[in-house]
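Text of model-v8.pdb, listed as PDB, N, CA and C atoms:
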MODEL        1
ATOM      1  N   MET T   1     -17.256  -4.563  -0.451
ATOM      2  CA  MET T   1     -15.902  -4.434  -0.939
ATOM      3  C   MET T   1     -14.954  -4.984   0.124
ATOM      4  N   SER T   2     -13.900  -5.620  -0.333
ATOM      5  CA  SER T   2     -12.957  -6.234   0.593
ATOM      6  C   SER T   2     -12.077  -5.182   1.259
ATOM      7  N   ALA T   3     -11.453  -5.587   2.333
ATOM      8  CA  ALA T   3     -10.542  -4.689   3.043
ATOM      9  C   ALA T   3      -9.366  -4.313   2.142
ATOM     10  N   PHE T   4      -8.919  -5.261   1.336
ATOM     11  CA  PHE T   4      -7.807  -4.985   0.424
ATOM     12  C   PHE T   4      -8.202  -3.914  -0.591
ATOM     13  N   GLY T   5      -9.411  -4.009  -1.126
ATOM     14  CA  GLY T   5      -9.890  -3.027  -2.099
ATOM     15  C   GLY T   5      -9.968  -1.629  -1.515
ATOM     16  N   LEU T   6     -10.497  -1.523  -0.305
ATOM     17  CA  LEU T   6     -10.580  -0.221   0.360
ATOM     18  C   LEU T   6      -9.190   0.345   0.630
ATOM     19  N   TYR T   7      -8.277  -0.518   1.039
ATOM     20  CA  TYR T   7      -6.906  -0.095   1.305
ATOM     21  C   TYR T   7      -6.272   0.456   0.032
ATOM     22  N   VAL T   8      -6.471  -0.247  -1.081
ATOM     23  CA  VAL T   8      -5.879   0.175  -2.353
ATOM     24  C   VAL T   8      -6.470   1.508  -2.813
ATOM     25  N   ILE T   9      -7.786   1.678  -2.681
ATOM     26  CA  ILE T   9      -8.420   2.939  -3.084
ATOM     27  C   ILE T   9      -7.870   4.103  -2.253
ATOM     28  N   GLY T  10      -7.791   3.925  -0.953
ATOM     29  CA  GLY T  10      -7.234   4.970  -0.095
ATOM     30  C   GLY T  10      -5.788   5.264  -0.425
ATOM     31  N   PHE T  11      -5.041   4.228  -0.731
ATOM     32  CA  PHE T  11      -3.634   4.398  -1.066
ATOM     33  C   PHE T  11      -3.473   5.170  -2.372
ATOM     34  N   ILE T  12      -4.319   4.879  -3.351
ATOM     35  CA  ILE T  12      -4.252   5.587  -4.635
ATOM     36  C   ILE T  12      -4.559   7.071  -4.445
ATOM     37  N   ILE T  13      -5.563   7.372  -3.622
ATOM     38  CA  ILE T  13      -5.899   8.774  -3.353
ATOM     39  C   ILE T  13      -4.722   9.482  -2.673
ATOM     40  N   LEU T  14      -4.122   8.830  -1.695
ATOM     41  CA  LEU T  14      -2.957   9.398  -1.015
ATOM     42  C   LEU T  14      -1.808   9.624  -1.990
ATOM     43  N   LEU T  15      -1.539   8.645  -2.830
ATOM     44  CA  LEU T  15      -0.438   8.744  -3.784
ATOM     45  C   LEU T  15      -0.667   9.877  -4.781
ATOM     46  N   CYS T  16      -1.898  10.025  -5.261
ATOM     47  CA  CYS T  16      -2.205  11.122  -6.188
ATOM     48  C   CYS T  16      -1.959  12.474  -5.524
ATOM     49  N   GLY T  17      -2.324  12.600  -4.265
ATOM     50  CA  GLY T  17      -2.077  13.846  -3.543
ATOM     51  C   GLY T  17      -0.597  14.137  -3.389
ATOM     52  N   LEU T  18       0.176  13.112  -3.087
ATOM     53  CA  LEU T  18       1.625  13.305  -2.944
ATOM     54  C   LEU T  18       2.279  13.679  -4.268
ATOM     55  N   ILE T  19       1.840  13.045  -5.348
ATOM     56  CA  ILE T  19       2.388  13.364  -6.668
ATOM     57  C   ILE T  19       2.063  14.806  -7.037
ATOM     58  N   TYR T  20       0.835  15.213  -6.798
ATOM     59  CA  TYR T  20       0.428  16.585  -7.125
ATOM     60  C   TYR T  20       1.211  17.602  -6.288
ATOM     61  N   ALA T  21       1.406  17.299  -5.011
ATOM     62  CA  ALA T  21       2.173  18.204  -4.149
ATOM     63  C   ALA T  21       3.617  18.315  -4.634
ATOM     64  N   ALA T  22       4.206  17.195  -5.031
ATOM     65  CA  ALA T  22       5.580  17.230  -5.543
ATOM     66  C   ALA T  22       5.655  18.057  -6.825
ATOM     67  N   TYR T  23       4.647  17.936  -7.664
ATOM     68  CA  TYR T  23       4.600  18.731  -8.898
ATOM     69  C   TYR T  23       4.502  20.224  -8.584
ATOM     70  N   LEU T  24       3.696  20.571  -7.592
ATOM     71  CA  LEU T  24       3.505  21.984  -7.244
ATOM     72  C   LEU T  24       4.769  22.629  -6.682
ATOM     73  N   VAL T  25       5.603  21.842  -6.004
ATOM     74  CA  VAL T  25       6.846  22.409  -5.463
ATOM     75  C   VAL T  25       8.020  22.215  -6.421
ATOM     76  N   HIS T  26       7.713  21.860  -7.671
ATOM     77  CA  HIS T  26       8.692  21.769  -8.756
ATOM     78  C   HIS T  26       9.774  20.713  -8.524
ATOM     79  N   VAL T  27       9.367  19.565  -8.014
ATOM     80  CA  VAL T  27      10.290  18.433  -7.915
ATOM     81  C   VAL T  27      10.480  17.894  -9.336
ATOM     82  N   PRO T  28      11.708  17.579  -9.740
ATOM     83  CA  PRO T  28      11.922  17.053 -11.096
ATOM     84  C   PRO T  28      11.115  15.767 -11.342
ATOM     85  N   GLN T  29      10.654  15.612 -12.583
ATOM     86  CA  GLN T  29       9.792  14.485 -12.936
ATOM     87  C   GLN T  29      10.454  13.140 -12.635
ATOM     88  N   THR T  30      11.750  13.040 -12.842
ATOM     89  CA  THR T  30      12.460  11.791 -12.562
ATOM     90  C   THR T  30      12.288  11.384 -11.105
ATOM     91  N   TRP T  31      12.413  12.335 -10.193
ATOM     92  CA  TRP T  31      12.295  12.015  -8.772
ATOM     93  C   TRP T  31      10.850  11.722  -8.375
ATOM     94  N   ILE T  32       9.906  12.342  -9.058
ATOM     95  CA  ILE T  32       8.500  12.020  -8.798
ATOM     96  C   ILE T  32       8.227  10.568  -9.178
ATOM     97  N   ILE T  33       8.768  10.132 -10.316
ATOM     98  CA  ILE T  33       8.571   8.747 -10.761
ATOM     99  C   ILE T  33       9.255   7.777  -9.806
ATOM    100  N   VAL T  34      10.487   8.077  -9.416
ATOM    101  CA  VAL T  34      11.209   7.206  -8.480
ATOM    102  C   VAL T  34      10.457   7.106  -7.155
ATOM    103  N   GLY T  35      10.032   8.238  -6.624
ATOM    104  CA  GLY T  35       9.280   8.236  -5.368
ATOM    105  C   GLY T  35       7.978   7.472  -5.480
ATOM    106  N   THR T  36       7.297   7.611  -6.618
ATOM    107  CA  THR T  36       6.044   6.889  -6.832
ATOM    108  C   THR T  36       6.275   5.385  -6.822
ATOM    109  N   LEU T  37       7.308   4.928  -7.508
ATOM    110  CA  LEU T  37       7.593   3.489  -7.543
ATOM    111  C   LEU T  37       7.927   2.943  -6.155
ATOM    112  N   VAL T  38       8.694   3.689  -5.397
ATOM    113  CA  VAL T  38       9.046   3.254  -4.040
ATOM    114  C   VAL T  38       7.801   3.184  -3.161
ATOM    115  N   VAL T  39       6.966   4.218  -3.218
ATOM    116  CA  VAL T  39       5.766   4.251  -2.379
ATOM    117  C   VAL T  39       4.776   3.170  -2.803
ATOM    118  N   VAL T  40       4.664   2.895  -4.105
ATOM    119  CA  VAL T  40       3.777   1.818  -4.568
ATOM    120  C   VAL T  40       4.270   0.473  -4.038
ATOM    121  N   GLY T  41       5.564   0.232  -4.080
ATOM    122  CA  GLY T  41       6.105  -1.016  -3.540
ATOM    123  C   GLY T  41       5.820  -1.175  -2.061
ATOM    124  N   ILE T  42       6.016  -0.113  -1.303
ATOM    125  CA  ILE T  42       5.721  -0.151   0.131
ATOM    126  C   ILE T  42       4.231  -0.370   0.357
ATOM    127  N   GLY T  43       3.401   0.279  -0.453
ATOM    128  CA  GLY T  43       1.951   0.139  -0.308
ATOM    129  C   GLY T  43       1.471  -1.273  -0.582
ATOM    130  N   VAL T  44       2.010  -1.916  -1.607
ATOM    131  CA  VAL T  44       1.611  -3.290  -1.921
ATOM    132  C   VAL T  44       2.016  -4.228  -0.792
ATOM    133  N   MET T  45       3.242  -4.099  -0.309
ATOM    134  CA  MET T  45       3.682  -4.960   0.794
ATOM    135  C   MET T  45       2.836  -4.729   2.036
ATOM    136  N   SER T  46       2.527  -3.493   2.321
ATOM    137  CA  SER T  46       1.720  -3.165   3.493
ATOM    138  C   SER T  46       0.298  -3.685   3.347
ATOM    139  N   ALA T  47      -0.294  -3.521   2.166
ATOM    140  CA  ALA T  47      -1.669  -3.980   1.944
ATOM    141  C   ALA T  47      -1.771  -5.489   2.097
ATOM    142  N   VAL T  48      -0.826  -6.200   1.538
ATOM    143  CA  VAL T  48      -0.861  -7.661   1.625
ATOM    144  C   VAL T  48      -0.660  -8.120   3.064
ATOM    145  N   SER T  49       0.260  -7.499   3.777
ATOM    146  CA  SER T  49       0.526  -7.940   5.149
ATOM    147  C   SER T  49      -0.616  -7.592   6.097
ATOM    148  N   HIS T  50      -1.357  -6.498   5.836
ATOM    149  CA  HIS T  50      -2.441  -6.099   6.729
ATOM    150  C   HIS T  50      -3.767  -6.775   6.414
ATOM    151  N   THR T  51      -3.931  -7.312   5.208
ATOM    152  CA  THR T  51      -5.231  -7.863   4.834
ATOM    153  C   THR T  51      -5.214  -9.358   4.572
ATOM    154  N   LYS T  52      -4.085 -10.017   4.758
ATOM    155  CA  LYS T  52      -4.066 -11.459   4.507
ATOM    156  C   LYS T  52      -4.842 -12.181   5.605
ATOM    157  N   HIS T  53      -5.428 -13.308   5.229
ATOM    158  CA  HIS T  53      -6.189 -14.100   6.190
ATOM    159  C   HIS T  53      -5.227 -14.946   7.019
ATOM    160  N   ARG T  54      -5.434 -14.929   8.282
ATOM    161  CA  ARG T  54      -4.589 -15.717   9.182
ATOM    162  C   ARG T  54      -5.171 -17.129   9.293
ATOM    163  N   ASP T  55      -4.279 -18.094   9.376
ATOM    164  CA  ASP T  55      -4.730 -19.463   9.595
ATOM    165  C   ASP T  55      -5.204 -19.603  11.030
ATOM    166  N   PRO T  56      -6.287 -20.370  11.236
ATOM    167  CA  PRO T  56      -6.728 -20.577  12.620
ATOM    168  C   PRO T  56      -5.671 -21.373  13.383
ATOM    169  N   PRO T  57      -5.565 -21.136  14.680
ATOM    170  CA  PRO T  57      -4.559 -21.881  15.447
ATOM    171  C   PRO T  57      -4.863 -23.379  15.433
ATOM    172  N   ALA T  58      -3.809 -24.152  15.342
ATOM    173  CA  ALA T  58      -3.968 -25.607  15.316
ATOM    174  C   ALA T  58      -4.330 -26.108  16.711
ATOM    175  N   GLU T  59      -5.212 -27.088  16.736
ATOM    176  CA  GLU T  59      -5.577 -27.686  18.022
ATOM    177  C   GLU T  59      -4.479 -28.655  18.442
ATOM    178  N   PRO T  60      -4.206 -28.713  19.740
ATOM    179  CA  PRO T  60      -3.171 -29.652  20.195
ATOM    180  C   PRO T  60      -3.630 -31.090  19.959
ATOM    181  N   PRO T  61      -2.687 -31.981  19.690
ATOM    182  CA  PRO T  61      -3.060 -33.384  19.448
ATOM    183  C   PRO T  61      -3.665 -34.015  20.704
ATOM    184  N   VAL T  62      -4.642 -34.853  20.471
ATOM    185  CA  VAL T  62      -5.298 -35.552  21.581
ATOM    186  C   VAL T  62      -4.513 -36.823  21.865
ATOM    187  N   ALA T  63      -4.139 -37.016  23.136
ATOM    188  CA  ALA T  63      -3.337 -38.188  23.492
ATOM    189  C   ALA T  63      -4.202 -39.288  24.031
TER
ENDMDL
END
Show how you would write the structure in this file as structure tokens.
Amino acid sequence: MSAFGLYVIGFIILLCGLIYAAYLVHVPQTWIIVGTLVVVGIGVMSAVSHTKHRDPPAEPPVA
């Protein structure tokens, strides 16, 4: 499995826990949805930035 896949699975587990905790402390459903959307956006940006392949450094031109 790729690093991106593992990151997404871990993120989903974390998000489910946060949603359940918010439900248990009686946070209104609207705010749970808003918080979920914000955290999903942050998670996608973070996953892409941490798992993208870096280009190898360019070799200097030979003179």
| task | Find the distance between atom CA of Gly17 of chain T and atom CA of Val40 of chain T and write it in Å to one decimal. | result | 13.4 Å
| To one decimal place, how far is atom CA of Pro57 of chain T from atom C of Val44 of chain T in Å? |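 Computing it gives 24.9 Å between the two atoms.
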| request: Go through T:Val48, T:Val62, T:Ile33, T:Pro56 one by one, measure the shortest atom-to-atom distance of each to Phe4 of chain T using only N, CA and C atoms, and give the residue with the smallest value. | output: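 Comparing T:Val48, T:Val62, T:Ile33, T:Pro56 against Phe4 of chain T, the winner is T:Val48.
Considering the residues T:Ile32, T:Val8, T:Leu24, T:Leu14 and counting only C-alpha atoms, Ser46 of chain T has its shortest atom-to-atom contact with T:Val8.
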Which of chain T fall in helix (DSSP H, G or I), as a JSON list (two decimals) with N, CA and C atoms, keeping the file's coordinate frame:
[["chain", "number", "residue", "atom", "x", "y", "z"],
["T", 3, "ALA", "N", -11.45, -5.59, 2.33],
["T", 3, "ALA", "CA", -10.54, -4.69, 3.04],
["T", 3, "ALA", "C", -9.37, -4.31, 2.14],
["T", 4, "PHE", "N", -8.92, -5.26, 1.34],
["T", 4, "PHE", "CA", -7.81, -4.99, 0.42],
["T", 4, "PHE", "C", -8.20, -3.91, -0.59],
["T", 5, "GLY", "N", -9.41, -4.01, -1.13],
["T", 5, "GLY", "CA", -9.89, -3.03, -2.10],
["T", 5, "GLY", "C", -9.97, -1.63, -1.52],
["T", 6, "LEU", "N", -10.50, -1.52, -0.30],
["T", 6, "LEU", "CA", -10.58, -0.22, 0.36],
["T", 6, "LEU", "C", -9.19, 0.34, 0.63],
["T", 7, "TYR", "N", -8.28, -0.52, 1.04],
["T", 7, "TYR", "CA", -6.91, -0.10, 1.30],
["T", 7, "TYR", "C", -6.27, 0.46, 0.03],
["T", 8, "VAL", "N", -6.47, -0.25, -1.08],
["T", 8, "VAL", "CA", -5.88, 0.18, -2.35],
["T", 8, "VAL", "C", -6.47, 1.51, -2.81],
["T", 9, "ILE", "N", -7.79, 1.68, -2.68],
["T", 9, "ILE", "CA", -8.42, 2.94, -3.08],
["T", 9, "ILE", "C", -7.87, 4.10, -2.25],
["T", 10, "GLY", "N", -7.79, 3.92, -0.95],
["T", 10, "GLY", "CA", -7.23, 4.97, -0.10],
["T", 10, "GLY", "C", -5.79, 5.26, -0.42],
["T", 11, "PHE", "N", -5.04, 4.23, -0.73],
["T", 11, "PHE", "CA", -3.63, 4.40, -1.07],
["T", 11, "PHE", "C", -3.47, 5.17, -2.37],
["T", 12, "ILE", "N", -4.32, 4.88, -3.35],
["T", 12, "ILE", "CA", -4.25, 5.59, -4.64],
["T", 12, "ILE", "C", -4.56, 7.07, -4.44],
["T", 13, "ILE", "N", -5.56, 7.37, -3.62],
["T", 13, "ILE", "CA", -5.90, 8.77, -3.35],
["T", 13, "ILE", "C", -4.72, 9.48, -2.67],
["T", 14, "LEU", "N", -4.12, 8.83, -1.70],
["T", 14, "LEU", "CA", -2.96, 9.40, -1.01],
["T", 14, "LEU", "C", -1.81, 9.62, -1.99],
["T", 15, "LEU", "N", -1.54, 8.64, -2.83],
["T", 15, "LEU", "CA", -0.44, 8.74, -3.78],
["T", 15, "LEU", "C", -0.67, 9.88, -4.78],
["T", 16, "CYS", "N", -1.90, 10.02, -5.26],
["T", 16, "CYS", "CA", -2.20, 11.12, -6.19],
["T", 16, "CYS", "C", -1.96, 12.47, -5.52],
["T", 17, "GLY", "N", -2.32, 12.60, -4.26],
["T", 17, "GLY", "CA", -2.08, 13.85, -3.54],
["T", 17, "GLY", "C", -0.60, 14.14, -3.39],
["T", 18, "LEU", "N", 0.18, 13.11, -3.09],
["T", 18, "LEU", "CA", 1.62, 13.30, -2.94],
["T", 18, "LEU", "C", 2.28, 13.68, -4.27],
["T", 19, "ILE", "N", 1.84, 13.04, -5.35],
["T", 19, "ILE", "CA", 2.39, 13.36, -6.67],
["T", 19, "ILE", "C", 2.06, 14.81, -7.04],
["T", 20, "TYR", "N", 0.84, 15.21, -6.80],
["T", 20, "TYR", "CA", 0.43, 16.58, -7.12],
["T", 20, "TYR", "C", 1.21, 17.60, -6.29],
["T", 21, "ALA", "N", 1.41, 17.30, -5.01],
["T", 21, "ALA", "CA", 2.17, 18.20, -4.15],
["T", 21, "ALA", "C", 3.62, 18.32, -4.63],
["T", 22, "ALA", "N", 4.21, 17.20, -5.03],
["T", 22, "ALA", "CA", 5.58, 17.23, -5.54],
["T", 22, "ALA", "C", 5.66, 18.06, -6.82],
["T", 23, "TYR", "N", 4.65, 17.94, -7.66],
["T", 23, "TYR", "CA", 4.60, 18.73, -8.90],
["T", 23, "TYR", "C", 4.50, 20.22, -8.58],
["T", 24, "LEU", "N", 3.70, 20.57, -7.59],
["T", 24, "LEU", "CA", 3.50, 21.98, -7.24],
["T", 24, "LEU", "C", 4.77, 22.63, -6.68],
["T", 29, "GLN", "N", 10.65, 15.61, -12.58],
["T", 29, "GLN", "CA", 9.79, 14.48, -12.94],
["T", 29, "GLN", "C", 10.45, 13.14, -12.64],
["T", 30, "THR", "N", 11.75, 13.04, -12.84],
["T", 30, "THR", "CA", 12.46, 11.79, -12.56],
["T", 30, "THR", "C", 12.29, 11.38, -11.10],
["T", 31, "TRP", "N", 12.41, 12.34, -10.19],
["T", 31, "TRP", "CA", 12.30, 12.02, -8.77],
["T", 31, "TRP", "C", 10.85, 11.72, -8.38],
["T", 32, "ILE", "N", 9.91, 12.34, -9.06],
["T", 32, "ILE", "CA", 8.50, 12.02, -8.80],
["T", 32, "ILE", "C", 8.23, 10.57, -9.18],
["T", 33, "ILE", "N", 8.77, 10.13, -10.32],
["T", 33, "ILE", "CA", 8.57, 8.75, -10.76],
["T", 33, "ILE", "C", 9.26, 7.78, -9.81],
["T", 34, "VAL", "N", 10.49, 8.08, -9.42],
["T", 34, "VAL", "CA", 11.21, 7.21, -8.48],
["T", 34, "VAL", "C", 10.46, 7.11, -7.16],
["T", 35, "GLY", "N", 10.03, 8.24, -6.62],
["T", 35, "GLY", "CA", 9.28, 8.24, -5.37],
["T", 35, "GLY", "C", 7.98, 7.47, -5.48],
["T", 36, "THR", "N", 7.30, 7.61, -6.62],
["T", 36, "THR", "CA", 6.04, 6.89, -6.83],
["T", 36, "THR", "C", 6.28, 5.38, -6.82],
["T", 37, "LEU", "N", 7.31, 4.93, -7.51],
["T", 37, "LEU", "CA", 7.59, 3.49, -7.54],
["T", 37, "LEU", "C", 7.93, 2.94, -6.16],
["T", 38, "VAL", "N", 8.69, 3.69, -5.40],
["T", 38, "VAL", "CA", 9.05, 3.25, -4.04],
["T", 38, "VAL", "C", 7.80, 3.18, -3.16],
["T", 39, "VAL", "N", 6.97, 4.22, -3.22],
["T", 39, "VAL", "CA", 5.77, 4.25, -2.38],
["T", 39, "VAL", "C", 4.78, 3.17, -2.80],
["T", 40, "VAL", "N", 4.66, 2.90, -4.11],
["T", 40, "VAL", "CA", 3.78, 1.82, -4.57],
["T", 40, "VAL", "C", 4.27, 0.47, -4.04],
["T", 41, "GLY", "N", 5.56, 0.23, -4.08],
["T", 41, "GLY", "CA", 6.10, -1.02, -3.54],
["T", 41, "GLY", "C", 5.82, -1.18, -2.06],
["T", 42, "ILE", "N", 6.02, -0.11, -1.30],
["T", 42, "ILE", "CA", 5.72, -0.15, 0.13],
["T", 42, "ILE", "C", 4.23, -0.37, 0.36],
["T", 43, "GLY", "N", 3.40, 0.28, -0.45],
["T", 43, "GLY", "CA", 1.95, 0.14, -0.31],
["T", 43, "GLY", "C", 1.47, -1.27, -0.58],
["T", 44, "VAL", "N", 2.01, -1.92, -1.61],
["T", 44, "VAL", "CA", 1.61, -3.29, -1.92],
["T", 44, "VAL", "C", 2.02, -4.23, -0.79],
["T", 45, "MET", "N", 3.24, -4.10, -0.31],
["T", 45, "MET", "CA", 3.68, -4.96, 0.79],
["T", 45, "MET", "C", 2.84, -4.73, 2.04],
["T", 46, "SER", "N", 2.53, -3.49, 2.32],
["T", 46, "SER", "CA", 1.72, -3.16, 3.49],
["T", 46, "SER", "C", 0.30, -3.68, 3.35],
["T", 47, "ALA", "N", -0.29, -3.52, 2.17],
["T", 47, "ALA", "CA", -1.67, -3.98, 1.94],
["T", 47, "ALA", "C", -1.77, -5.49, 2.10],
["T", 48, "VAL", "N", -0.83, -6.20, 1.54],
["T", 48, "VAL", "CA", -0.86, -7.66, 1.62],
["T", 48, "VAL", "C", -0.66, -8.12, 3.06],
["T", 49, "SER", "N", 0.26, -7.50, 3.78],
["T", 49, "SER", "CA", 0.53, -7.94, 5.15],
["T", 49, "SER", "C", -0.62, -7.59, 6.10],
["T", 50, "HIS", "N", -1.36, -6.50, 5.84],
["T", 50, "HIS", "CA", -2.44, -6.10, 6.73],
["T", 50, "HIS", "C", -3.77, -6.78, 6.41],
["T", 51, "THR", "N", -3.93, -7.31, 5.21],
["T", 51, "THR", "CA", -5.23, -7.86, 4.83],
["T", 51, "THR", "C", -5.21, -9.36, 4.57]]
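Our summary of the geometry notes that atom CA of Phe11 of chain T is positioned 19.3 Å from atom CA of Trp31 of chain T.
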Given 6 Å of margin on each side, can you work out the centre and size in Å (one decimal) of an axis-aligned box holding every listed atom of segment 16-30 of chain T, as AutoDock Vina command-line options?
--center_x 5.1 --center_y 16.3 --center_z -7.9 --size_x 26.8 --size_y 24.6 --size_z 22.0
| task | Taking the file above as input, evaluate the PyMOL selection byres (((chain T and resi 34-38 and name CA) around 10) and name CA) and report the hits as a ChimeraX atom specification. | result | /T:15-16,18-19,22,29-33,39-43
| Within 10 Å of (-10.4, -4.0, 4.3), only C-alpha atoms: residues as an MDAnalysis selection string? | chainID T and resid 1:8 47 50:52
